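Below: one structure, written as structure tokens.
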Amino acid sequence: MARYALRRVLLAVPVLLGVLLIGFFLMQVVPTDPAVIRAGPQATQEVVDAIREELGLNRPLWAQFGFYLWRLLQGDLGVSIINNMAVTQELSDTIGPTLELMFASLFWSIPLGIGLGTLAAYWRGSMIDRCIMAVSVGGVSVPVFFLGLLLIWLVGFQWQLLPFTGRGGPLWTWDGIQAVILPAVTLGGVFVGPVARMTRTAVVDMLTADHVRTARAKGLSEFLVVLRHALRNALIPVITLIGLQIGFLLGGAVVTETIFSWPGVGRLAVGAILSSDFPMAQGTIIVLSAGFILINLGVDLLYAVLDPRVRLS
Amino acid sequence: MTLLSVENLVTSFRTSAGEVRAVDGVSITVERGQTLGIVGESGCGKSVLSLSIMGLLAHPGRVTEGRVMLEGRNLLDLSSRQMRDVRGREIGMIFQEPMTSLNPVYSIGYQITEAMRAHDPKASNAELRARAVAVLDRVRIPSAARRFDEYPHQLSGGMRQRVMIAMALACKPKLVIADEPTTALDVTVQAQILELLRELQAETGMGIILITHDLGVIAEMADKVAVMYAGRVVERSASADLFDDPQHPYTLGLLGSIPRVDEDKTRLTAIEGTVPPPFAWPPGCRFAPRCPFSVEACTVSPPPLREVAPHHSAACLEAPL
Ligand SMILES: Nc1ncnc2c1ncn2[C@@H]1O[C@H](COP(=O)(O)OP(=O)(O)OP(=O)(O)O)[C@@H](O)[C@H]1O
Ligand code: SF4
Ligand SMILES: [Mg+2]
């Protein structure tokens, strides 16, 4: 188990390096000159050249990348070329709210999706099944931004029930909870349908397995059969499928944060890209990709917890 | 009283090709402490019969006629709640594939205690554990206490089948249905598992229905035997009588296809052709297209099972042969 975990962690290193490289070169192909942005619209050519020298932009690309990596290893991601703020500082200020939003979104949507999918599987073929699946398919086809705007207009604007801009404070305060509800319902809401559908399929599939017949032959109730011998085993494929949706989740977080002015990494990324703030954009890419890798790592480790064949091999 | 008597059971499947009677009027009996062997080629309805007895038929299968009398009680009249109490506690079942019939994510100890807890919800964990270790011991699993926490993938096929047997016996059922319990195992392990079943039967006095397509297993294990062909019982007798004096042409064919020591007996070569699927059964005797004895009358209506010698019945117009 420990070796399995270590192997997964080591495998993540080259992936992260690849992401850094791609991020770096993506920034190079954008036809905007960071030195010009930094210098401002009125700057003379001399000033721009001086800044270019200062930022090391005259050096060959590989040297720039090496220098970038070297500073990265020391925990230095440079400063914003817009407002001179240290990138690491901005990132560490925004990671917390993003994690908060993710947690608040997933902690209700994944259990709800799995629960609905299981109920649909238990009552497969009945009216209840059809209703749950109809709602899920509806949920899948609603884009994040649409759900967000709908909630803002209805709950925030028309009914004035909940705040819809910014973060209200830490999650353990009342203000914090109130402020996170609408963004979390938005981001989590688009997740419930897919999770429910994947769960239903996986559980119904599992119900035809030989070990399920054995469980029935023991005299277990159908409810226990579904819960212990179908859902429990189906969690392995369901977790895999949820893992595959992580990109979708991160993308959704960027949109949700932007709509709700949530002070997270996603909104920071959008702002940095729109203002051609290269170091900042690159920093957010690193954080989002690292998040992607970490969640995948978590999924892999969760496998081991769920499947003794992985755990004990 | 007879332990189990299945009377004129009909199980049909509603399919796109129409109603299919996978089991068509089967009657069998099992006595306490005895083994009834059911033998027949693949697809003749052996598994459907056993699932019908257990009330485990999956949609679209349905028992449409007949009775399943367990100690005088018709199981087909029970509610699903009552039937759940019968499964595991009164009738245990052993399946063919020890690889897939155990749940890979639970320890074998958990899976055995789960069967016990289903019928004894008040028992404490410690008590169930002790009882499960005792059952594992009884199916001759070495160092049972240590094996308790192991997972199915850590055991060999033979050990897993022992676990399956332990699970079927966990609640001391009166009847155990073993559906091809050794088909997936290699020969030496097969012999050990059969030996184990016989010992356990002697200890507990349980009745066994042993389903197989291997006549060698029948010869070794069964007191009585029912030969099935295309959803029907075509011959029924004491096991010894079946081998000494088979009365149905199909049985003759089956015997011809296993090696025999006493070469002086009349022999048929292995039976020509294959079992027709249920939707293609001929109107008369279902064996007629493959039968070397068939006469004109065979194609008119299915011959009933009738006694052709004391305690020996065959469903053949030409019997006794
Ligand atoms: N779900 C189903 N739908 C339609 N027909 C079915 C279904 N299940 C079984 N049958 C029919 O029942 C017949 C008997 O199947 P069964 O599994 O009982 O055979 P078997 O004697 O156990 O064979 P084997 O030796 O291969 O295990 C099959 O020929 C098949 O046509
Ligand atoms: S009834 Fe006729 S066809 Fe059928 S087994 Fe007997 S002889 Fe053969
Ligand atoms: Mg079978």
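Here's how to read the names in the structure tokens: chain A, B, ... by the order shown, residue numbers from 1 in each chain, ligand numbers from 1 in the order shown.
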Report task. Report as a PyMOL selection string: the residues of stretch 22-94 of chain B with a DSSP assignment of alpha helix (DSSP H), based on the backbone of this structure. Result -> chain B and resi 46-54+80-86
Query - Near-ligand residues for ligand 3, threshold 7 Å, only C-alpha atoms and all ligand atoms, as a VMD selection string - result: chain B and resid 42 46 to 47 179
Dump as a CSV table (one decimal), in the first residue's frame, selection limited to N, CA, C and O atoms:
chain,number,residue,atom,x,y,z
B,42,SER,N,-25.6,-29.2,-21.3
B,42,SER,CA,-25.7,-27.8,-21.1
B,42,SER,C,-27.0,-27.2,-21.7
B,42,SER,O,-27.4,-27.7,-22.8
B,46,LYS,N,-31.0,-27.2,-15.9
B,46,LYS,CA,-30.6,-27.6,-14.5
B,46,LYS,C,-30.5,-26.3,-13.6
B,46,LYS,O,-31.1,-26.3,-12.5
B,47,SER,N,-29.9,-25.3,-14.1
B,47,SER,CA,-29.7,-24.1,-13.3
B,47,SER,C,-31.1,-23.4,-13.1
B,47,SER,O,-31.4,-22.9,-12.0
B,179,ASP,N,-24.8,-26.4,-7.6
B,179,ASP,CA,-24.9,-26.3,-9.0
B,179,ASP,C,-23.5,-26.4,-9.7
B,179,ASP,O,-22.8,-25.4,-9.7
Report task. Write down, as a PyMOL selection string, each residue of chain B that has any atom within 6 Å of an atom of chain A, counting only C-alpha atoms. Result -> chain B and resi 84+87-88+100-103+105+115+118
Write to file, as a PDB file, in the first residue's frame, the residues of the selection just made, with N, CA and C atoms.
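Ended up saving to part-v9.pdb:
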ATOM      1  N   ARG B  84     -37.160 -15.125   1.909  1.00  0.00           N
ATOM      2  CA  ARG B  84     -35.825 -14.695   2.311  1.00  0.00           C
ATOM      3  C   ARG B  84     -35.341 -15.499   3.515  1.00  0.00           C
ATOM      4  N   ARG B  87     -34.167 -18.918   2.226  1.00  0.00           N
ATOM      5  CA  ARG B  87     -32.869 -18.892   1.565  1.00  0.00           C
ATOM      6  C   ARG B  87     -31.764 -18.738   2.588  1.00  0.00           C
ATOM      7  N   GLY B  88     -30.770 -19.578   2.499  1.00  0.00           N
ATOM      8  CA  GLY B  88     -29.657 -19.472   3.437  1.00  0.00           C
ATOM      9  C   GLY B  88     -29.912 -20.265   4.703  1.00  0.00           C
ATOM     10  N   THR B 100     -15.912 -16.005  -9.125  1.00  0.00           N
ATOM     11  CA  THR B 100     -16.735 -14.803  -9.199  1.00  0.00           C
ATOM     12  C   THR B 100     -17.918 -14.830  -8.239  1.00  0.00           C
ATOM     13  N   SER B 101     -18.154 -15.971  -7.602  1.00  0.00           N
ATOM     14  CA  SER B 101     -19.330 -16.051  -6.752  1.00  0.00           C
ATOM     15  C   SER B 101     -19.108 -15.455  -5.369  1.00  0.00           C
ATOM     16  N   LEU B 102     -17.852 -15.173  -5.040  1.00  0.00           N
ATOM     17  CA  LEU B 102     -17.575 -14.462  -3.785  1.00  0.00           C
ATOM     18  C   LEU B 102     -17.344 -12.996  -4.124  1.00  0.00           C
ATOM     19  N   ASN B 103     -17.736 -12.123  -3.207  1.00  0.00           N
ATOM     20  CA  ASN B 103     -17.541 -10.695  -3.444  1.00  0.00           C
ATOM     21  C   ASN B 103     -16.089 -10.315  -3.165  1.00  0.00           C
ATOM     22  N   VAL B 105     -14.585  -7.588  -2.614  1.00  0.00           N
ATOM     23  CA  VAL B 105     -14.217  -6.476  -1.733  1.00  0.00           C
ATOM     24  C   VAL B 105     -14.425  -6.755  -0.250  1.00  0.00           C
ATOM     25  N   ALA B 115     -23.967 -14.002   6.171  1.00  0.00           N
ATOM     26  CA  ALA B 115     -25.020 -15.001   5.990  1.00  0.00           C
ATOM     27  C   ALA B 115     -25.652 -15.374   7.332  1.00  0.00           C
ATOM     28  N   ALA B 118     -27.837 -12.476   8.728  1.00  0.00           N
ATOM     29  CA  ALA B 118     -29.108 -12.301   8.023  1.00  0.00           C
ATOM     30  C   ALA B 118     -30.225 -13.083   8.706  1.00  0.00           C
TER      31      ALA B 118
END
Report task. All residues within 9 Å of ligand 1 are required, counting only C-alpha atoms and all ligand atoms; please report them as JSON, numbers by chain. Result -> {"B": [11, 12, 13, 14, 15, 19, 20, 21, 22, 23, 39, 40, 41, 42, 43, 44, 45, 46, 47, 48, 49, 50, 51, 57, 58, 59, 60, 61, 96, 179, 180, 211, 212, 213, 228, 229, 230, 231, 275, 276, 277, 278, 279]}
**Report entry** Spatial neighbours of A:Phe260, max dist 12 Å, only C-alpha atoms, sep filter under 4 positions, as a PyMOL selection string
**Finding:** chain A and resi 101+144-145+147-153+156+162-168+179-187+253-256+264+266-267
Which residues of chain B have any atom within 10 Å of an atom in ligand 2 when counting only C-alpha atoms and all ligand atoms, and what is the closest pair of atoms for each, with the distance in Å to one decimal? Order the rows by chain and rising number and write it as JSON lines.
{"residue": "B:Val234", "atom": "CA", "partner": "ligand 2", "partner_atom_place_in_ligand_line": "5 (S)", "distance": 8.2}
{"residue": "B:Gln247", "atom": "CA", "partner": "ligand 2", "partner_atom_place_in_ligand_line": "6 (Fe)", "distance": 9.2}
{"residue": "B:His248", "atom": "CA", "partner": "ligand 2", "partner_atom_place_in_ligand_line": "5 (S)", "distance": 6.0}
{"residue": "B:Pro249", "atom": "CA", "partner": "ligand 2", "partner_atom_place_in_ligand_line": "5 (S)", "distance": 5.2}
{"residue": "B:Tyr250", "atom": "CA", "partner": "ligand 2", "partner_atom_place_in_ligand_line": "5 (S)", "distance": 6.5}
{"residue": "B:Thr251", "atom": "CA", "partner": "ligand 2", "partner_atom_place_in_ligand_line": "5 (S)", "distance": 9.3}
{"residue": "B:Gly284", "atom": "CA", "partner": "ligand 2", "partner_atom_place_in_ligand_line": "4 (Fe)", "distance": 7.8}
{"residue": "B:Cys285", "atom": "CA", "partner": "ligand 2", "partner_atom_place_in_ligand_line": "4 (Fe)", "distance": 4.5}
{"residue": "B:Arg286", "atom": "CA", "partner": "ligand 2", "partner_atom_place_in_ligand_line": "4 (Fe)", "distance": 6.6}
{"residue": "B:Phe287", "atom": "CA", "partner": "ligand 2", "partner_atom_place_in_ligand_line": "4 (Fe)", "distance": 5.1}
{"residue": "B:Ala288", "atom": "CA", "partner": "ligand 2", "partner_atom_place_in_ligand_line": "3 (S)", "distance": 3.5}
{"residue": "B:Pro289", "atom": "CA", "partner": "ligand 2", "partner_atom_place_in_ligand_line": "3 (S)", "distance": 7.1}
{"residue": "B:Arg290", "atom": "CA", "partner": "ligand 2", "partner_atom_place_in_ligand_line": "3 (S)", "distance": 7.6}
{"residue": "B:Cys291", "atom": "CA", "partner": "ligand 2", "partner_atom_place_in_ligand_line": "8 (Fe)", "distance": 4.6}
{"residue": "B:Pro292", "atom": "CA", "partner": "ligand 2", "partner_atom_place_in_ligand_line": "8 (Fe)", "distance": 6.7}
{"residue": "B:Phe293", "atom": "CA", "partner": "ligand 2", "partner_atom_place_in_ligand_line": "7 (S)", "distance": 4.5}
{"residue": "B:Ser294", "atom": "CA", "partner": "ligand 2", "partner_atom_place_in_ligand_line": "3 (S)", "distance": 4.0}
{"residue": "B:Val295", "atom": "CA", "partner": "ligand 2", "partner_atom_place_in_ligand_line": "2 (Fe)", "distance": 5.8}
{"residue": "B:Glu296", "atom": "CA", "partner": "ligand 2", "partner_atom_place_in_ligand_line": "2 (Fe)", "distance": 8.1}
{"residue": "B:Ala297", "atom": "CA", "partner": "ligand 2", "partner_atom_place_in_ligand_line": "2 (Fe)", "distance": 7.3}
{"residue": "B:Cys298", "atom": "CA", "partner": "ligand 2", "partner_atom_place_in_ligand_line": "2 (Fe)", "distance": 4.3}
{"residue": "B:Thr299", "atom": "CA", "partner": "ligand 2", "partner_atom_place_in_ligand_line": "3 (S)", "distance": 7.2}
{"residue": "B:Val300", "atom": "CA", "partner": "ligand 2", "partner_atom_place_in_ligand_line": "1 (S)", "distance": 9.7}
{"residue": "B:Ser301", "atom": "CA", "partner": "ligand 2", "partner_atom_place_in_ligand_line": "1 (S)", "distance": 9.1}
{"residue": "B:Pro302", "atom": "CA", "partner": "ligand 2", "partner_atom_place_in_ligand_line": "1 (S)", "distance": 7.4}
{"residue": "B:Pro303", "atom": "CA", "partner": "ligand 2", "partner_atom_place_in_ligand_line": "1 (S)", "distance": 5.8}
{"residue": "B:Pro304", "atom": "CA", "partner": "ligand 2", "partner_atom_place_in_ligand_line": "1 (S)", "distance": 9.0}
{"residue": "B:Ala314", "atom": "CA", "partner": "ligand 2", "partner_atom_place_in_ligand_line": "6 (Fe)", "distance": 8.6}
{"residue": "B:Ala315", "atom": "CA", "partner": "ligand 2", "partner_atom_place_in_ligand_line": "1 (S)", "distance": 6.7}
{"residue": "B:Cys316", "atom": "CA", "partner": "ligand 2", "partner_atom_place_in_ligand_line": "6 (Fe)", "distance": 3.6}
{"residue": "B:Leu317", "atom": "CA", "partner": "ligand 2", "partner_atom_place_in_ligand_line": "1 (S)", "distance": 4.3}
{"residue": "B:Glu318", "atom": "CA", "partner": "ligand 2", "partner_atom_place_in_ligand_line": "7 (S)", "distance": 4.9}
{"residue": "B:Ala319", "atom": "CA", "partner": "ligand 2", "partner_atom_place_in_ligand_line": "6 (Fe)", "distance": 6.7}
{"residue": "B:Pro320", "atom": "CA", "partner": "ligand 2", "partner_atom_place_in_ligand_line": "6 (Fe)", "distance": 9.5}
{"residue": "B:Leu321", "atom": "CA", "partner": "ligand 2", "partner_atom_place_in_ligand_line": "7 (S)", "distance": 9.0}
Query raised in the report: Could you state the separation of atom CA of A:Val87 and atom CA of A:Leu268 in Å, given to one decimal place?
Result: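 Taking atom CA of A:Val87 and atom CA of A:Leu268, their separation equals 10.5 Å.
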Query raised in the report: Interatomic distance between atom CA of A:Ala196 and atom CA of A:Gly115?
Result: 7.3 Å
